[in-house]
$ cat structure-v3.cif   # mmCIF, C-alpha atoms
data_final
#
loop_
_atom_site.label_atom_id
_atom_site.label_comp_id
_atom_site.auth_asym_id
_atom_site.auth_seq_id
_atom_site.Cartn_x
_atom_site.Cartn_y
_atom_site.Cartn_z
CA MET D 6 0.00 0.00 0.00
CA PRO D 7 1.33 3.49 -0.81
CA PHE D 8 0.90 4.69 2.79
CA GLU D 9 1.51 2.40 5.72
CA ILE D 10 1.94 2.84 9.47
CA VAL D 11 4.57 0.46 10.82
CA ARG D 12 6.17 -0.28 14.18
CA ASN D 13 9.91 -0.33 13.68
CA ASP D 14 13.19 1.45 14.31
CA ILE D 15 13.39 4.04 11.53
CA THR D 16 17.12 3.46 11.18
CA ASN D 17 16.37 -0.07 9.96
CA MET D 18 13.95 0.97 7.23
CA GLN D 19 15.05 -0.10 3.76
CA VAL D 20 13.80 2.92 1.83
CA ASP D 21 15.27 5.55 -0.47
CA ALA D 22 15.03 8.25 2.19
CA VAL D 23 14.49 8.48 5.93
CA VAL D 24 13.36 11.70 7.58
CA ASN D 25 15.33 12.95 10.56
CA THR D 26 13.85 15.20 13.24
CA ALA D 27 16.85 17.50 13.28
CA ASN D 28 18.04 20.22 15.62
CA PRO D 29 18.02 23.72 14.00
CA ASP D 30 21.78 23.91 14.59
CA PRO D 31 24.23 21.33 13.20
CA VAL D 32 24.54 19.30 16.38
CA ILE D 33 23.33 15.82 17.27
CA GLY D 34 20.18 15.88 19.33
CA SER D 35 18.38 13.05 21.10
CA GLY D 36 15.80 10.47 20.00
CA VAL D 37 15.49 9.88 16.26
CA ASP D 38 18.28 12.36 15.51
CA SER D 39 20.72 10.50 17.76
CA GLY D 40 19.76 7.09 16.37
CA ILE D 41 20.13 8.14 12.74
CA HIS D 42 23.52 9.77 13.31
CA LYS D 43 24.78 6.75 15.26
CA LYS D 44 23.92 4.32 12.49
CA ALA D 45 24.88 6.59 9.58
CA GLY D 46 28.33 7.28 11.03
CA PRO D 47 30.39 10.48 11.53
CA LYS D 48 30.18 11.53 7.87
CA LEU D 49 26.54 12.47 8.37
CA LEU D 50 27.41 15.10 10.97
CA SER D 51 30.10 16.51 8.67
CA ALA D 52 27.56 16.82 5.86
CA ARG D 53 25.08 18.41 8.25
CA GLN D 54 27.67 20.94 9.46
CA LYS D 55 28.31 22.06 5.88
CA ILE D 56 24.63 22.94 5.56
CA GLY D 57 24.53 24.99 8.75
CA ARG D 58 21.36 26.15 10.47
CA ILE D 59 17.95 24.91 9.32
CA GLU D 60 14.87 27.04 9.95
CA PHE D 61 11.79 25.63 11.64
CA GLY D 62 9.53 23.95 9.08
CA ASP D 63 12.30 23.70 6.49
CA ALA D 64 14.02 20.55 5.16
CA VAL D 65 17.40 19.70 3.64
CA ILE D 66 18.88 16.49 2.22
CA THR D 67 22.18 14.65 2.68
CA PRO D 68 23.47 11.20 1.72
CA GLY D 69 22.51 8.35 4.04
CA PHE D 70 26.09 7.06 4.36
CA ALA D 71 26.02 3.83 6.46
CA LEU D 72 22.22 3.75 6.67
CA GLU D 73 20.12 1.41 4.55
CA ALA D 74 18.56 4.55 3.07
CA LYS D 75 20.21 6.40 0.21
CA TYR D 76 19.28 9.80 1.66
CA VAL D 77 18.53 11.48 4.96
CA ILE D 78 16.07 14.37 4.84
CA HIS D 79 16.61 16.63 7.85
CA THR D 80 13.61 18.70 8.96
CA VAL D 81 13.10 20.90 12.01
CA GLY D 82 9.72 20.56 13.67
CA PRO D 83 8.06 23.15 15.89
CA VAL D 84 8.52 23.43 19.64
CA TRP D 85 5.02 23.20 21.09
CA GLU D 86 4.00 26.18 23.20
CA ASP D 87 0.22 26.45 23.26
CA GLY D 88 -0.88 25.88 19.67
CA ASN D 89 -1.22 29.62 19.02
CA HIS D 90 2.26 30.22 17.65
CA GLY D 91 1.97 28.61 14.22
CA GLU D 92 2.96 25.15 15.43
CA GLU D 93 0.50 23.33 13.15
CA GLN D 94 1.58 25.27 10.08
CA ILE D 95 5.25 24.61 10.82
CA LEU D 96 4.65 20.88 11.23
CA SER D 97 2.66 20.75 7.99
CA SER D 98 5.56 22.47 6.26
CA CYS D 99 7.96 19.81 7.56
CA TYR D 100 6.00 17.08 5.80
CA ARG D 101 5.36 19.04 2.60
CA LYS D 102 8.99 20.13 2.15
CA SER D 103 10.35 16.68 3.01
CA LEU D 104 8.06 15.06 0.43
CA ALA D 105 8.96 17.70 -2.15
CA LEU D 106 12.68 16.93 -1.64
CA ALA D 107 12.05 13.19 -1.92
CA LYS D 108 10.21 13.75 -5.19
CA GLU D 109 12.97 16.06 -6.50
CA TYR D 110 15.58 13.37 -5.81
CA GLU D 111 13.37 10.72 -7.46
CA CYS D 112 12.84 8.68 -4.32
CA GLU D 113 10.37 5.84 -4.67
CA SER D 114 10.04 5.30 -0.92
CA ILE D 115 10.39 7.36 2.24
CA ALA D 116 10.01 6.77 5.99
CA PHE D 117 8.84 9.43 8.44
CA PRO D 118 8.90 9.47 12.24
CA LEU D 119 6.04 11.24 14.00
CA ILE D 120 7.80 14.60 13.80
CA ALA D 121 8.12 16.91 16.84
CA THR D 122 6.33 14.60 19.32
CA GLY D 123 9.44 13.86 21.40
CA ASN D 124 11.34 16.57 23.25
CA TYR D 125 9.52 19.28 21.26
CA GLY D 126 6.27 18.24 22.95
CA PHE D 127 3.85 18.41 20.03
CA PRO D 128 0.62 16.58 21.05
CA LYS D 129 0.69 13.14 19.43
CA PRO D 130 -2.97 12.91 18.33
CA LEU D 131 -2.77 16.27 16.55
CA ALA D 132 0.66 15.43 15.09
CA LEU D 133 -0.78 12.19 13.73
CA GLN D 134 -3.69 14.02 12.10
CA ILE D 135 -1.34 16.47 10.40
CA ALA D 136 1.01 13.73 9.21
CA VAL D 137 -1.83 11.69 7.71
CA ARG D 138 -3.40 14.75 6.09
CA GLU D 139 -0.19 15.93 4.41
CA ILE D 140 0.86 12.46 3.29
CA SER D 141 -2.56 11.55 1.88
CA THR D 142 -2.77 14.91 0.06
CA PHE D 143 0.62 14.28 -1.52
CA LEU D 144 -0.37 10.80 -2.64
CA LEU D 145 -3.41 12.09 -4.50
CA GLU D 146 -1.06 13.63 -7.06
CA ASN D 147 2.10 11.53 -6.73
CA GLU D 148 3.33 7.92 -6.69
CA MET D 149 5.54 7.03 -3.73
CA GLN D 150 5.71 4.41 -0.98
CA ILE D 151 5.43 6.27 2.31
CA TYR D 152 5.85 4.84 5.79
CA LEU D 153 4.99 6.46 9.10
CA VAL D 154 7.27 4.70 11.57
CA VAL D 155 6.61 4.46 15.29
CA PHE D 156 9.10 2.70 17.54
CA GLY D 157 6.62 1.64 20.23
CA LYS D 158 2.91 1.88 20.85
CA GLU D 159 3.45 4.66 23.38
CA ALA D 160 4.65 6.83 20.48
CA PHE D 161 1.29 6.51 18.72
CA ALA D 162 -1.95 8.06 19.91
CA LEU D 163 -5.42 8.48 18.47
CA SER D 164 -7.60 11.36 19.52
CA GLU D 165 -9.34 10.52 22.80
CA LYS D 166 -12.78 11.06 21.26
CA LEU D 167 -12.15 8.69 18.35
CA PHE D 168 -10.53 6.04 20.54
CA LYS D 169 -13.43 6.05 23.00
CA SER D 170 -16.02 5.96 20.24
CA VAL D 171 -14.42 2.97 18.50
CA SER D 172 -13.82 1.19 21.82
CA SER D 173 -17.48 1.61 22.75
CA TYR D 174 -18.60 0.21 19.39
CA ILE D 175 -16.30 -2.79 19.79
CA ASP D 176 -17.65 -3.41 23.29
CA GLU D 177 -21.20 -3.39 21.93
CA ASN D 178 -20.54 -5.63 18.93
CA TYR D 179 -17.44 -7.76 19.34
CA ILE D 180 -17.97 -11.34 20.50
CA ARG D 181 -15.61 -12.00 23.38
CA SER D 182 -16.84 -15.39 24.54
CA LYS D 183 -18.38 -18.49 23.00
CA THR D 184 -20.67 -19.34 25.91
CA LEU D 185 -23.53 -20.26 23.60
CA ASP D 186 -21.59 -21.95 20.82
CA GLU D 187 -23.69 -25.11 21.20
CA TYR D 188 -26.66 -23.16 19.85
CA GLY D 189 -24.72 -20.61 17.79
CA ALA D 190 -26.38 -17.68 19.56
CA GLU D 191 -23.16 -16.04 20.71
CA SER D 192 -21.47 -16.37 17.31
CA VAL D 193 -24.38 -14.58 15.63
CA TYR D 194 -25.71 -12.13 18.16
CA GLY D 195 -22.68 -11.03 20.18
CA SER D 196 -23.11 -9.55 23.64
CA ARG D 197 -26.29 -7.54 23.10
CA PRO D 198 -28.71 -7.19 26.07
CA GLU D 199 -31.17 -9.81 24.80
CA THR D 200 -28.33 -12.25 24.17
CA ARG D 201 -27.17 -11.80 27.75
CA ARG D 202 -30.68 -12.61 28.94
CA ILE D 203 -30.63 -15.80 26.84
CA ARG D 204 -27.28 -16.70 28.41
CA GLU D 205 -28.74 -16.24 31.89
CA ARG D 206 -31.63 -18.54 31.00
CA LEU D 207 -29.13 -21.17 29.95
CA LYS D 208 -27.31 -20.85 33.24
CA ARG D 209 -30.61 -21.40 35.06
CA GLY D 210 -31.01 -24.64 33.13
CA ASN D 211 -33.79 -23.62 30.75
CA ARG D 212 -33.65 -25.38 27.41
CA ILE D 213 -33.61 -23.43 24.19
CA HIS D 214 -34.84 -25.17 21.07
CA GLU D 215 -32.02 -25.94 18.66
CA ASP D 216 -33.62 -23.96 15.82
CA ILE D 217 -33.88 -20.79 17.89
CA ARG D 218 -34.38 -17.60 15.87
CA PRO D 219 -33.90 -14.01 17.03
CA SER D 220 -37.00 -12.06 17.96
CA LYS D 221 -38.04 -9.04 15.98
CA ALA D 222 -36.83 -6.84 18.81
CA LEU D 223 -33.41 -8.48 18.69
CA GLU D 224 -33.17 -8.04 14.92
CA GLU D 225 -33.94 -4.35 15.33
CA CYS D 226 -31.32 -4.11 18.08
CA LEU D 227 -28.71 -5.73 15.87
CA ASP D 228 -29.54 -3.33 13.05
CA MET D 229 -27.03 -3.73 10.20
CA SER D 230 -24.66 -5.96 12.19
CA VAL D 231 -26.69 -9.13 11.59
CA SER D 232 -25.35 -11.15 8.72
CA ALA D 233 -28.86 -11.59 7.31
CA ALA D 234 -29.36 -7.84 6.99
CA ALA D 235 -32.22 -5.99 5.32
CA PRO D 236 -32.35 -5.79 1.50
CA MET D 237 -30.16 -3.17 -0.15
CA ALA D 238 -31.71 0.26 -0.18
CA SER D 239 -30.40 1.34 -3.58
CA ASP D 240 -32.41 0.13 -6.59
CA ASP D 241 -29.53 1.22 -8.76
CA TRP D 242 -27.16 -1.03 -6.82
CA GLY D 243 -29.51 -3.97 -7.15
CA GLN D 244 -29.89 -3.52 -10.88
CA LEU D 245 -26.15 -3.19 -11.33
CA LEU D 246 -25.40 -6.42 -9.46
CA GLU D 247 -28.35 -8.46 -10.72
CA SER D 248 -25.93 -10.80 -12.49
CA LEU D 249 -24.82 -13.20 -9.75
CA ASP D 250 -21.96 -14.42 -11.92
CA ALA D 251 -20.13 -11.09 -11.92
CA GLY D 252 -16.81 -11.52 -10.13
CA PHE D 253 -14.81 -9.06 -8.07
CA SER D 254 -12.82 -7.45 -10.91
CA GLU D 255 -15.80 -7.04 -13.21
CA THR D 256 -17.92 -5.60 -10.41
CA LEU D 257 -15.16 -3.21 -9.38
CA LEU D 258 -14.78 -1.82 -12.89
CA GLN D 259 -18.53 -1.40 -13.25
CA LEU D 260 -18.69 0.48 -9.97
CA ILE D 261 -15.82 2.77 -10.95
CA ASP D 262 -17.63 3.56 -14.19
CA ARG D 263 -20.73 4.36 -12.16
CA THR D 264 -18.83 6.98 -10.13
CA GLY D 265 -17.65 8.78 -13.26
CA LYS D 266 -14.19 9.10 -11.71
CA LYS D 267 -10.83 8.16 -13.17
CA ASP D 268 -9.30 4.81 -12.22
CA SER D 269 -6.39 6.64 -10.57
CA GLU D 270 -8.75 8.59 -8.29
CA ILE D 271 -10.25 5.36 -6.99
CA TYR D 272 -7.10 3.27 -6.51
CA LYS D 273 -5.29 6.16 -4.82
CA LYS D 274 -8.22 6.73 -2.51
CA ALA D 275 -8.12 2.99 -1.80
CA ASN D 276 -4.43 3.19 -0.79
CA VAL D 277 -3.61 0.71 -3.57
CA ASP D 278 -0.72 1.17 -5.97
CA ARG D 279 -1.00 1.40 -9.75
CA LYS D 280 0.69 -1.94 -10.44
CA LEU D 281 -1.79 -3.90 -8.36
CA PHE D 282 -4.75 -2.09 -9.88
CA SER D 283 -3.41 -2.94 -13.33
CA LYS D 284 -3.35 -6.64 -12.37
CA ILE D 285 -6.95 -6.44 -11.20
CA ARG D 286 -8.09 -4.61 -14.35
CA ASN D 287 -6.38 -7.07 -16.69
CA ASN D 288 -7.49 -10.26 -14.95
CA MET D 289 -11.21 -10.81 -14.52
CA ASP D 290 -10.43 -13.83 -12.31
CA TYR D 291 -8.15 -11.88 -9.97
CA LYS D 292 -8.48 -12.93 -6.32
CA PRO D 293 -7.75 -9.95 -4.03
CA SER D 294 -6.92 -10.09 -0.35
CA LYS D 295 -9.70 -9.10 2.02
CA THR D 296 -7.91 -5.87 2.91
CA THR D 297 -7.66 -4.93 -0.77
CA ALA D 298 -11.32 -5.73 -1.41
CA LEU D 299 -12.35 -3.60 1.56
CA ALA D 300 -10.07 -0.79 0.46
CA PHE D 301 -11.96 -0.48 -2.81
CA ALA D 302 -15.29 -0.63 -0.96
CA PHE D 303 -14.17 2.42 1.02
CA ALA D 304 -12.86 4.20 -2.07
CA LEU D 305 -16.25 3.63 -3.74
CA GLU D 306 -18.04 4.77 -0.55
CA LEU D 307 -20.30 1.72 -0.38
CA ASP D 308 -22.63 1.27 2.56
CA VAL D 309 -22.61 -1.78 4.84
CA ASP D 310 -24.89 -3.95 2.68
CA GLU D 311 -23.16 -2.95 -0.54
CA THR D 312 -19.78 -3.69 1.03
CA LYS D 313 -20.89 -7.16 2.13
CA ASP D 314 -22.14 -7.93 -1.38
CA PHE D 315 -19.00 -6.50 -2.98
CA ILE D 316 -16.42 -8.34 -0.87
CA GLY D 317 -18.58 -11.45 -1.05
CA ARG D 318 -17.72 -11.61 -4.75
CA ALA D 319 -14.14 -12.19 -3.67
CA GLY D 320 -15.21 -14.81 -1.12
CA PHE D 321 -15.09 -12.66 2.02
CA ALA D 322 -17.57 -11.57 4.68
CA LEU D 323 -17.85 -9.30 7.72
CA SER D 324 -18.23 -11.08 11.04
CA LEU D 325 -18.98 -9.97 14.58
CA SER D 326 -16.40 -12.50 15.78
CA SER D 327 -13.57 -10.45 14.24
CA LYS D 328 -12.39 -7.24 15.91
CA PHE D 329 -10.97 -6.15 12.55
CA ASP D 330 -14.39 -6.55 10.92
CA VAL D 331 -16.17 -4.71 13.74
CA ILE D 332 -13.83 -1.73 13.39
CA VAL D 333 -14.39 -1.70 9.62
CA GLU D 334 -18.14 -1.84 10.19
CA TYR D 335 -17.91 1.08 12.64
CA PHE D 336 -16.50 3.27 9.86
CA LEU D 337 -19.07 2.04 7.34
CA VAL D 338 -21.99 2.64 9.70
CA ASN D 339 -20.73 6.16 10.36
CA ARG D 340 -20.07 6.72 6.64
CA ASN D 341 -16.47 7.67 7.34
CA TYR D 342 -14.63 6.61 4.20
CA ASN D 343 -11.25 8.08 5.13
CA ILE D 344 -9.07 5.00 4.68
CA TYR D 345 -6.08 6.66 6.33
CA GLU D 346 -8.06 7.39 9.48
CA LEU D 347 -9.37 3.82 9.42
CA ASN D 348 -5.80 2.55 9.26
CA GLU D 349 -4.85 4.73 12.23
CA VAL D 350 -7.56 3.02 14.25
CA LEU D 351 -6.68 -0.47 13.00
CA PHE D 352 -3.04 0.12 13.90
CA ALA D 353 -3.96 1.35 17.38
CA PHE D 354 -5.96 -1.84 17.97
CA ASP D 355 -3.19 -4.10 16.58
CA GLN D 356 -5.16 -5.09 13.49
CA PRO D 357 -4.05 -5.44 9.83
CA LEU D 358 -4.20 -2.28 7.75
CA ILE D 359 -6.51 -1.69 4.79
CA GLY D 360 -4.99 -1.54 1.31
CA ALA D 361 -2.75 -3.70 -0.82
#

$ encode --input "structure-v3.cif" --output "structure tokens"
Amino acid sequence: MPFEIVRNDITNMQVDAVVNTANPDPVIGSGVDSGIHKKAGPKLLSARQKIGRIEFGDAVITPGFALEAKYVIHTVGPVWEDGNHGEEQILSSCYRKSLALAKEYECESIAFPLIATGNYGFPKPLALQIAVREISTFLLENEMQIYLVVFGKEAFALSEKLFKSVSSYIDENYIRSKTLDEYGAESVYGSRPETRRIRERLKRGNRIHEDIRPSKALEECLDMSVSAAAPMASDDWGQLLESLDAGFSETLLQLIDRTGKKDSEIYKKANVDRKLFSKIRNNMDYKPSKTTALAFAFALELDVDETKDFIGRAGFALSLSSKFDVIVEYFLVNRNYNIYELNEVLFAFDQPLIGA
């Protein structure tokens, strides 16, 4: 996928360029700066000293020397005061100028740390938002493999509001036990209130007939999370997919045509690279991964039912027994089709990322 969040030591990234959170003056700082200089060797400091002072929000480039990367892009992030001294604009500039340098030097891949969140004190949730915004904007017009590298989970933070909202949705929908697996109730209905009442009846020794079906009230409670959901609302969608033999690739191309957008707009929005999309377009029998299929569902802004139908053509489904699937469903239910924000959440909950 063109943009990926990874947990790693940035000095070990095998990319064309790594971004260093540099000190304004040509001295070795702490954190990422110290690690990069240590691995690159003393020649990096010599090259940095020849450049001299770097202004806040600016970026310069040097060779990578002993690093795996060919280049080091040095950028100076803002020192956080109170958010009223241009800190956000400076941080945005760090990403934009670093990406512009990488493009100028024909880099095909680049790795960023979460700039300015160490000793400079920039709030991590806001820094993450800015990083994702600038990187995703760049990728709309450019081809490059971009990594956002965090060394440990403590270096990565979602906004408190988003984290709580997703956590609450998971608590409501994710199946954490298989108490009723003899009857299948838990695997279908999760931990909803009525399911808990059924569980209590079992504990009291009451028998439940083996062909138990959910009540109307339970179906309404489950809403779109039940696998046997209500019929699709869009007549247009139903007419388009009336041929049950249409496979994933054929369906995808029909849906792109329906949007009136260029192929590149869709595959970039899906966080899928051009080469993979070409394979899908040229092979009507192409079998995508589940993450790729879902990525295109988000790029096409399909609703929950449409997404289930679409990924079903590649042999996949959404299940309440999968935390990954529940998080995906949360975004679909809320009609949030920002795949980069979805990947932030998936990463925070230790789940695979969406894309190729």

$ residues_around --input "structure-v3.cif" --residues "Ile33 of chain D" --least-positions-apart "5" --cutoff "12 Å" --atoms "all atoms listed in the file" --output "PDB file with C-alpha atoms, keeping the file's coordinate frame"
ATOM      1  CA  ASN D  25      15.330  12.950  10.560  1.00  0.00           C
ATOM      2  CA  THR D  26      13.850  15.200  13.240  1.00  0.00           C
ATOM      3  CA  ALA D  27      16.850  17.500  13.280  1.00  0.00           C
ATOM      4  CA  ASN D  28      18.040  20.220  15.620  1.00  0.00           C
ATOM      5  CA  ASP D  38      18.280  12.360  15.510  1.00  0.00           C
ATOM      6  CA  SER D  39      20.720  10.500  17.760  1.00  0.00           C
ATOM      7  CA  GLY D  40      19.760   7.090  16.370  1.00  0.00           C
ATOM      8  CA  ILE D  41      20.130   8.140  12.740  1.00  0.00           C
ATOM      9  CA  HIS D  42      23.520   9.770  13.310  1.00  0.00           C
ATOM     10  CA  LYS D  43      24.780   6.750  15.260  1.00  0.00           C
ATOM     11  CA  GLY D  46      28.330   7.280  11.030  1.00  0.00           C
ATOM     12  CA  PRO D  47      30.390  10.480  11.530  1.00  0.00           C
ATOM     13  CA  LEU D  49      26.540  12.470   8.370  1.00  0.00           C
ATOM     14  CA  LEU D  50      27.410  15.100  10.970  1.00  0.00           C
ATOM     15  CA  SER D  51      30.100  16.510   8.670  1.00  0.00           C
ATOM     16  CA  ARG D  53      25.080  18.410   8.250  1.00  0.00           C
ATOM     17  CA  GLN D  54      27.670  20.940   9.460  1.00  0.00           C
ATOM     18  CA  HIS D  79      16.610  16.630   7.850  1.00  0.00           C
TER      19      HIS D  79
END

$ residues_near_point --input "structure-v3.cif" --point "(5.8, 24.6, 9.1)" --cutoff "8 Å" --atoms "all atoms listed in the file" --output "list in words"
Phe61, Gly62, Asp63, Gly82, Pro83, Gly91, Glu92, Glu93, Gln94, Ile95, Leu96, Ser97, Ser98 and Cys99 of chain D

$ resolve_selection --input "structure-v3.cif" --expression "the PyMOL selection byres ((chain D and resi 124-140) around 9)" --output "PyMOL selection string"
chain D and resi 8+35-36+82-86+88+92-93+96-98+100-101+104+117+119-123+141-145+151+153+160-165+345-346+349

$ atom_distance --input "structure-v3.cif" --atom1 "atom CA of Val154 of chain D" --atom2 "atom CA of Asp14 of chain D"
7.3 Å

$ residues_around --input "structure-v3.cif" --residues "Ile59 of chain D" --least-positions-apart "4" --cutoff "7 Å" --atoms "all atoms listed in the file" --output "list in words"
Pro29, Asp30, Asp63 and Val81 of chain D

$ closest_residue --input "structure-v3.cif" --among "D:Gly265, D:Glu306, D:Lys44, D:Ser254" --to "Ser283 of chain D" --atoms "only C-alpha atoms"
D:Ser254

$ resolve_selection --input "structure-v3.cif" --expression "the PyMOL selection byres ((chain D and resi 21) around 9)" --output "NGL selection string"
:D and (19-20 or 22-23 or 69 or 73-77 or 107 or 111-116)

$ atom_distance --input "structure-v3.cif" --atom1 "atom CA of Met6 of chain D" --atom2 "atom CA of Asn276 of chain D"
5.5 Å

$ resolve_selection --input "structure-v3.cif" --expression "the PyMOL selection byres ((chain D and resi 278) around 10)" --output "NGL selection string"
:D and (6-8 or 148-150 or 269 or 272-277 or 279-283 or 360-361)

$ closest_residue --input "structure-v3.cif" --among "D:Phe321, D:Tyr291, D:Phe336, D:Tyr110" --to "Asn348 of chain D" --atoms "all atoms listed in the file"
D:Phe336

$ residues_around --input "structure-v3.cif" --residues "Thr296 of chain D" --least-positions-apart "2" --cutoff "8 Å" --atoms "all atoms listed in the file" --output "PyMOL selection string"
chain D and resi 294+298-300+357-361

$ atom_distance --input "structure-v3.cif" --atom1 "atom CA of Ala304 of chain D" --atom2 "atom CA of Ser173 of chain D"
25.4 Å

$ residues_around --input "structure-v3.cif" --residues "Met289 of chain D" --least-positions-apart "2" --cutoff "8 Å" --atoms "only C-alpha atoms" --output "ChimeraX atom specification"
/D:252-255,285-287,291

$ closest_residue --input "structure-v3.cif" --among "D:Ala322, D:Ile66, D:Val331, D:Ile316" --to "Leu257 of chain D" --atoms "all atoms listed in the file"
D:Ile316
